[in-house]
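Okay, so here's the structure we're looking at.
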Amino acid sequence: TAWDAFMRRALSRDPRERFPSAVAMGESLEQLERAWQDQRARICRLAPPPEVARPGGQNPLPLRRSARKIEPRRARADFGADALWRPAAFVQNELHSPAPGLLRDDATGLTWQQAGSPYPLTWPEARDYAAALNRQRFAGRSDWRLPTAPELMSLLSHTPHREDFCVEALFDPLQATLWSADRRSYTAAWFVNVEMGFVAGQDFSARCYARVVCDEME
C-alpha cells in the first residue's frame, strides 16, 4: 500500500498532487527502501535457515556451449523451456568465487563474470563488450564469450518467496536482463530475464545487459 500511494502521487494528473521536487521524490523513495529493509529483516528472523536447499534442483545435462540461430518454433525444445518460457527443470547451482569478480558453478562447469556490463547494450554492442574483455585479458583469460540461452537459463531459480530474500544475491542484481549469444532471426536475438525467470526474443537494437562466461577454469 505504501508503494501504491507513492505511484499515485508520482503519476497524478494534477500537478499540485505530485511531489514538489525531485529531491522530495528521492527522499520518499529512500523512506520506502528503509521500510522494505526493516520488513525483510523481520521476515528473515522467522525464515528457515538459508542453507536449506529448495526442492526441484537437479544436475543438468551438458549445456550447449556454441551459439546458434534458433527459430521460435524450435526454441522451447532447444532451451528446455515450459509453456511460459521458463526452465522446465531448475539447476541446483553450486556457486563459489574462485577469484574477485568471478563466480564458478560446479554444477555446470561454467565460470561467470559476477557483474556484467555497467549499462544496457544492443546485441552487437554486447558482443563487442565480450571482445573488449578478451583484449584486456579480464581475470587473466582471453576466452570469454556471451553465454548461450540454455547456459543463462541454468542461473534461473524459482520465483523468490520469504526465505529467498534472506540470501544475499551472488550476482550483481543490476543486470536483470541479459543477452544470450543465440540469434532468433537475422535481426533478433534471445535474451533471458533473470529477475522474472524467462527467456524471450528482442531485436538487435533493443538494450539488455551483457554478462560473459567461460568454460573450465581452475
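Ligands are numbered from 1 in the order shown, residues from 1 within each chain, and chains are lettered A, B, ... in the order they appear in the C-alpha cells.
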query = What are the DSSP strand (DSSP E) residues of segment 34-147 of chain A, as a PyMOL selection string?
reply = chain A and resi 57-58+90-91+95-96+102-105+110-113
request  = Would you kindly return, as a list in words, each protein, DNA or RNA residue with an atom no farther than 10 Å from any atom of Ala181 of chain A, considering only C-alpha atoms and excluding same-chain residues fewer than 3 positions away?
outcome  = Arg65, Ser66, Ala67, Arg68, Lys69, Trp123, Ala126, Arg127, Arg145, Leu146, Pro147, Thr148, Ala149, Glu151, Leu152, Leu178, Arg184, Ala189, Trp190, Phe191, Ala210 and Val212 of chain A
Print the selection's residues with C-alpha atoms to a file, as a PDB file, in the first residue's frame.
ATOM      1  CA  ARG A  65      28.136 -24.113 -25.442  1.00  0.00           C
ATOM      2  CA  SER A  66      28.038 -22.982 -29.083  1.00  0.00           C
ATOM      3  CA  ALA A  67      25.822 -20.143 -30.288  1.00  0.00           C
ATOM      4  CA  ARG A  68      23.113 -20.945 -32.819  1.00  0.00           C
ATOM      5  CA  LYS A  69      20.256 -19.384 -34.743  1.00  0.00           C
ATOM      6  CA  TRP A 123      23.208  -7.113 -29.142  1.00  0.00           C
ATOM      7  CA  ALA A 126      27.183  -6.907 -26.188  1.00  0.00           C
ATOM      8  CA  ARG A 127      29.371  -8.983 -28.496  1.00  0.00           C
ATOM      9  CA  ARG A 145      32.037 -15.133 -24.598  1.00  0.00           C
ATOM     10  CA  LEU A 146      28.357 -14.333 -24.440  1.00  0.00           C
ATOM     11  CA  PRO A 147      26.535 -17.336 -22.954  1.00  0.00           C
ATOM     12  CA  THR A 148      24.003 -19.394 -24.867  1.00  0.00           C
ATOM     13  CA  ALA A 149      20.372 -19.185 -23.782  1.00  0.00           C
ATOM     14  CA  GLU A 151      23.595 -21.518 -20.118  1.00  0.00           C
ATOM     15  CA  LEU A 152      21.854 -18.344 -18.963  1.00  0.00           C
ATOM     16  CA  LEU A 178      20.932 -10.492 -20.211  1.00  0.00           C
ATOM     17  CA  ARG A 184      16.314 -15.588 -33.010  1.00  0.00           C
ATOM     18  CA  ALA A 189      18.469 -12.466 -30.591  1.00  0.00           C
ATOM     19  CA  TRP A 190      17.332 -14.309 -27.476  1.00  0.00           C
ATOM     20  CA  PHE A 191      17.701 -12.812 -24.019  1.00  0.00           C
ATOM     21  CA  ALA A 210      25.865  -8.473 -21.059  1.00  0.00           C
ATOM     22  CA  VAL A 212      30.288 -13.098 -20.030  1.00  0.00           C
TER      23      VAL A 212
END
Excluding Gly101 of chain A and any residue of its chain fewer than 5 positions from it, enumerate the residues within 8 Å of it, using only C-alpha atoms, and give them as an mmCIF file with N, CA and C atoms, in the first residue's frame.
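Output file part-v2.cif is given in full below:
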data_model
loop_
_atom_site.group_PDB
_atom_site.id
_atom_site.type_symbol
_atom_site.label_atom_id
_atom_site.label_comp_id
_atom_site.auth_asym_id
_atom_site.auth_seq_id
_atom_site.Cartn_x
_atom_site.Cartn_y
_atom_site.Cartn_z
ATOM 1 N N GLN A 113 31.231 -14.053 -15.097
ATOM 2 C CA GLN A 113 31.507 -12.713 -14.612
ATOM 3 C C GLN A 113 30.451 -12.400 -13.550
ATOM 4 N N GLN A 114 30.876 -11.939 -12.399
ATOM 5 C CA GLN A 114 29.918 -11.731 -11.314
ATOM 6 C C GLN A 114 28.983 -10.555 -11.590
ATOM 7 N N ALA A 115 29.498 -9.530 -12.211
ATOM 8 C CA ALA A 115 28.671 -8.363 -12.517
ATOM 9 C C ALA A 115 28.225 -8.432 -13.979
#
query = Please, what distance in Å, to one decimal, runs between atom CA of Pro124 of chain A and atom CA of Arg64 of chain A?
reply =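 Computing it gives 21.1 Å between the two atoms.
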message = So the first atom is atom CA of Asp106 of chain A and the second is atom CA of Glu94 of chain A; what is the distance between them in Å, to one decimal place?
response =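 Answer for the atom CA of Asp106 of chain A to atom CA of Glu94 of chain A separation: 5.2 Å.
Taking only C-alpha atoms, the non-local environment of Ala188 of chain A within 8 Å (same-chain residues fewer than 6 positions away omitted) comprises Gly201, Gln202, Asp203 and Phe204 of chain A.
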request  = Rank nothing, just name the residue among A:Arg135, A:Leu170, A:Gly116, A:Glu195 nearest to Arg211 of chain A, using only C-alpha atoms.
outcome  =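 The answer is A:Gly116, which sits nearest to Arg211 of chain A.
Between atom CA of Leu110 of chain A and atom CA of Pro98 of chain A lies a distance of 11.6 Å.
Compared by their closest atoms to Pro150 of chain A, and using only C-alpha atoms, the residues A:Arg86, A:His96, A:Arg137, A:Arg207 rank with A:Arg86 nearest.
Considering only C-alpha atoms, the residue among A:Met196, A:Thr108, A:Arg76, A:Val213 positioned nearest to Ala130 of chain A is A:Val213.
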inquiry  = Calculated over only C-alpha atoms, which of the candidates A:Phe198, A:Trp112, A:Trp179, A:Trp144 has the smallest distance to Glu125 of chain A?
reply    =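 Once distances to Glu125 of chain A are computed over only C-alpha atoms, the minimum belongs to A:Trp179.
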